[in-house]
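K.L.:
Please find one structure pasted underneath; my questions will follow.
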Amino acid sequence: MAKIVRAGGLAYAAALPEPLPSREASECLRDWLETAAQAAQAPDEEALAARWLETVAEIVGLRRADRGEGA
């Protein structure tokens, strides 16, 4: 998702029909992306959002690895 935000911006990412594998996760993320798109006033703020998304993905990946999921 961070790559999509970097390439097209927050509003573009929020408009994607299914940005994540599950509907529930997509709806939650879409709400966040839409709110972030409204708040972001400059490209560097969108870059900050992309870095935040990368960090969240890394944390989720570490938690899954710790639980033995996805292996």
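Note on naming: chains are A, B, ... as they come in the structure tokens, residues start from 1 per chain, ligands start from 1 in the order shown.
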Could you list, as a VMD selection string, every residue within 9 Å of range 25-34 of chain A, counting only C-alpha atoms and ignoring same-chain residues fewer than 6 positions away?
P.N.:
chain A and resid 10 to 11 13 to 19 49
K.L.:
Hey, which of A:Leu20, A:Ala65, A:Ala37, A:Ala2 ends up closest to Ala50 in chain A? Count only C-alpha atoms.
P.N.:
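Going through A:Leu20, A:Ala65, A:Ala37, A:Ala2 one by one, the smallest distance to Ala50 in chain A is for A:Ala2.
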K.L.:
Write out as a list in words the residues lying within 12 Å of Ala47 in chain A, counting only C-alpha atoms and excluding same-chain residues fewer than 2 positions away.
P.N.:
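My list of contacting residues is Ala2, Lys3, Ile4, Val5, Arg6, Ala7, Gly8, Gly9, Leu10, Ala36, Ala37, Ala40, Gln41, Ala42, Pro43, Asp44, Glu45, Ala49, Ala50, Arg51, Trp52, Leu53 and Glu54 of chain A.
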K.L.:
Just list the residues in range 17-49 of chain A DSSP gives alpha helix (DSSP H) on the backbone, as a PyMOL selection string.
P.N.:
chain A and resi 23-39+43-49
K.L.:
Include N, CA, C and O atoms and write out the residues we just selected as a tab-separated table (two decimals), in the first residue's frame.
P.N.:
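What landed in result11.tsv:
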```tsv
chain	number	residue	atom	x	y	z
A	23	ARG	N	-12.30	-7.74	2.85
A	23	ARG	CA	-13.20	-6.59	2.76
A	23	ARG	C	-13.13	-5.73	4.02
A	23	ARG	O	-13.10	-4.50	3.94
A	24	GLU	N	-13.10	-6.38	5.18
A	24	GLU	CA	-13.06	-5.64	6.45
A	24	GLU	C	-11.80	-4.79	6.56
A	24	GLU	O	-11.86	-3.62	6.95
A	25	ALA	N	-10.68	-5.38	6.23
A	25	ALA	CA	-9.41	-4.63	6.29
A	25	ALA	C	-9.42	-3.49	5.28
A	25	ALA	O	-8.94	-2.39	5.56
A	26	SER	N	-9.97	-3.75	4.09
A	26	SER	CA	-10.03	-2.71	3.06
A	26	SER	C	-10.88	-1.53	3.51
A	26	SER	O	-10.52	-0.37	3.29
A	27	GLU	N	-12.01	-1.82	4.14
A	27	GLU	CA	-12.89	-0.75	4.61
A	27	GLU	C	-12.21	0.10	5.67
A	27	GLU	O	-12.28	1.33	5.64
A	28	CYS	N	-11.53	-0.56	6.60
A	28	CYS	CA	-10.82	0.16	7.65
A	28	CYS	C	-9.71	1.03	7.05
A	28	CYS	O	-9.58	2.20	7.38
A	29	LEU	N	-8.93	0.44	6.15
A	29	LEU	CA	-7.85	1.18	5.53
A	29	LEU	C	-8.38	2.32	4.67
A	29	LEU	O	-7.85	3.42	4.69
A	30	ARG	N	-9.45	2.07	3.95
A	30	ARG	CA	-10.03	3.12	3.10
A	30	ARG	C	-10.44	4.32	3.94
A	30	ARG	O	-10.18	5.47	3.56
A	31	ASP	N	-11.08	4.08	5.07
A	31	ASP	CA	-11.46	5.19	5.95
A	31	ASP	C	-10.24	5.98	6.38
A	31	ASP	O	-10.24	7.21	6.36
A	32	TRP	N	-9.19	5.26	6.76
A	32	TRP	CA	-7.97	5.93	7.18
A	32	TRP	C	-7.36	6.73	6.03
A	32	TRP	O	-6.95	7.89	6.20
A	33	LEU	N	-7.29	6.11	4.85
A	33	LEU	CA	-6.70	6.79	3.68
A	33	LEU	C	-7.48	8.04	3.30
A	33	LEU	O	-6.90	9.08	2.97
A	34	GLU	N	-8.80	7.95	3.33
A	34	GLU	CA	-9.63	9.11	2.99
A	34	GLU	C	-9.40	10.26	3.98
A	34	GLU	O	-9.27	11.42	3.57
A	35	THR	N	-9.34	9.94	5.25
A	35	THR	CA	-9.10	10.96	6.27
A	35	THR	C	-7.70	11.55	6.11
A	35	THR	O	-7.52	12.77	6.17
A	36	ALA	N	-6.72	10.70	5.88
A	36	ALA	CA	-5.35	11.16	5.70
A	36	ALA	C	-5.24	12.03	4.44
A	36	ALA	O	-4.53	13.03	4.44
A	37	ALA	N	-5.95	11.67	3.38
A	37	ALA	CA	-5.92	12.45	2.14
A	37	ALA	C	-6.47	13.85	2.37
A	37	ALA	O	-5.96	14.83	1.82
A	38	GLN	N	-7.51	13.96	3.20
A	38	GLN	CA	-8.08	15.27	3.49
A	38	GLN	C	-7.14	16.12	4.34
A	38	GLN	O	-7.11	17.34	4.21
A	39	ALA	N	-6.39	15.46	5.22
A	39	ALA	CA	-5.50	16.18	6.13
A	39	ALA	C	-4.17	16.56	5.48
A	39	ALA	O	-3.57	17.57	5.84
A	43	PRO	N	3.05	17.24	-0.46
A	43	PRO	CA	3.59	15.94	-0.84
A	43	PRO	C	4.41	15.27	0.28
A	43	PRO	O	4.37	14.05	0.41
A	44	ASP	N	5.11	16.06	1.07
A	44	ASP	CA	5.90	15.44	2.14
A	44	ASP	C	5.00	14.82	3.20
A	44	ASP	O	5.38	13.85	3.85
A	45	GLU	N	3.78	15.31	3.35
A	45	GLU	CA	2.84	14.70	4.29
A	45	GLU	C	2.32	13.37	3.75
A	45	GLU	O	2.09	12.44	4.51
A	46	GLU	N	2.16	13.28	2.44
A	46	GLU	CA	1.77	12.00	1.84
A	46	GLU	C	2.92	11.00	1.95
A	46	GLU	O	2.70	9.82	2.21
A	47	ALA	N	4.15	11.47	1.82
A	47	ALA	CA	5.31	10.60	1.99
A	47	ALA	C	5.39	10.10	3.43
A	47	ALA	O	5.72	8.94	3.67
A	48	LEU	N	5.07	10.95	4.37
A	48	LEU	CA	5.04	10.54	5.78
A	48	LEU	C	3.98	9.45	5.99
A	48	LEU	O	4.23	8.47	6.69
A	49	ALA	N	2.83	9.60	5.37
A	49	ALA	CA	1.78	8.57	5.47
A	49	ALA	C	2.27	7.26	4.86
A	49	ALA	O	2.00	6.18	5.41
```
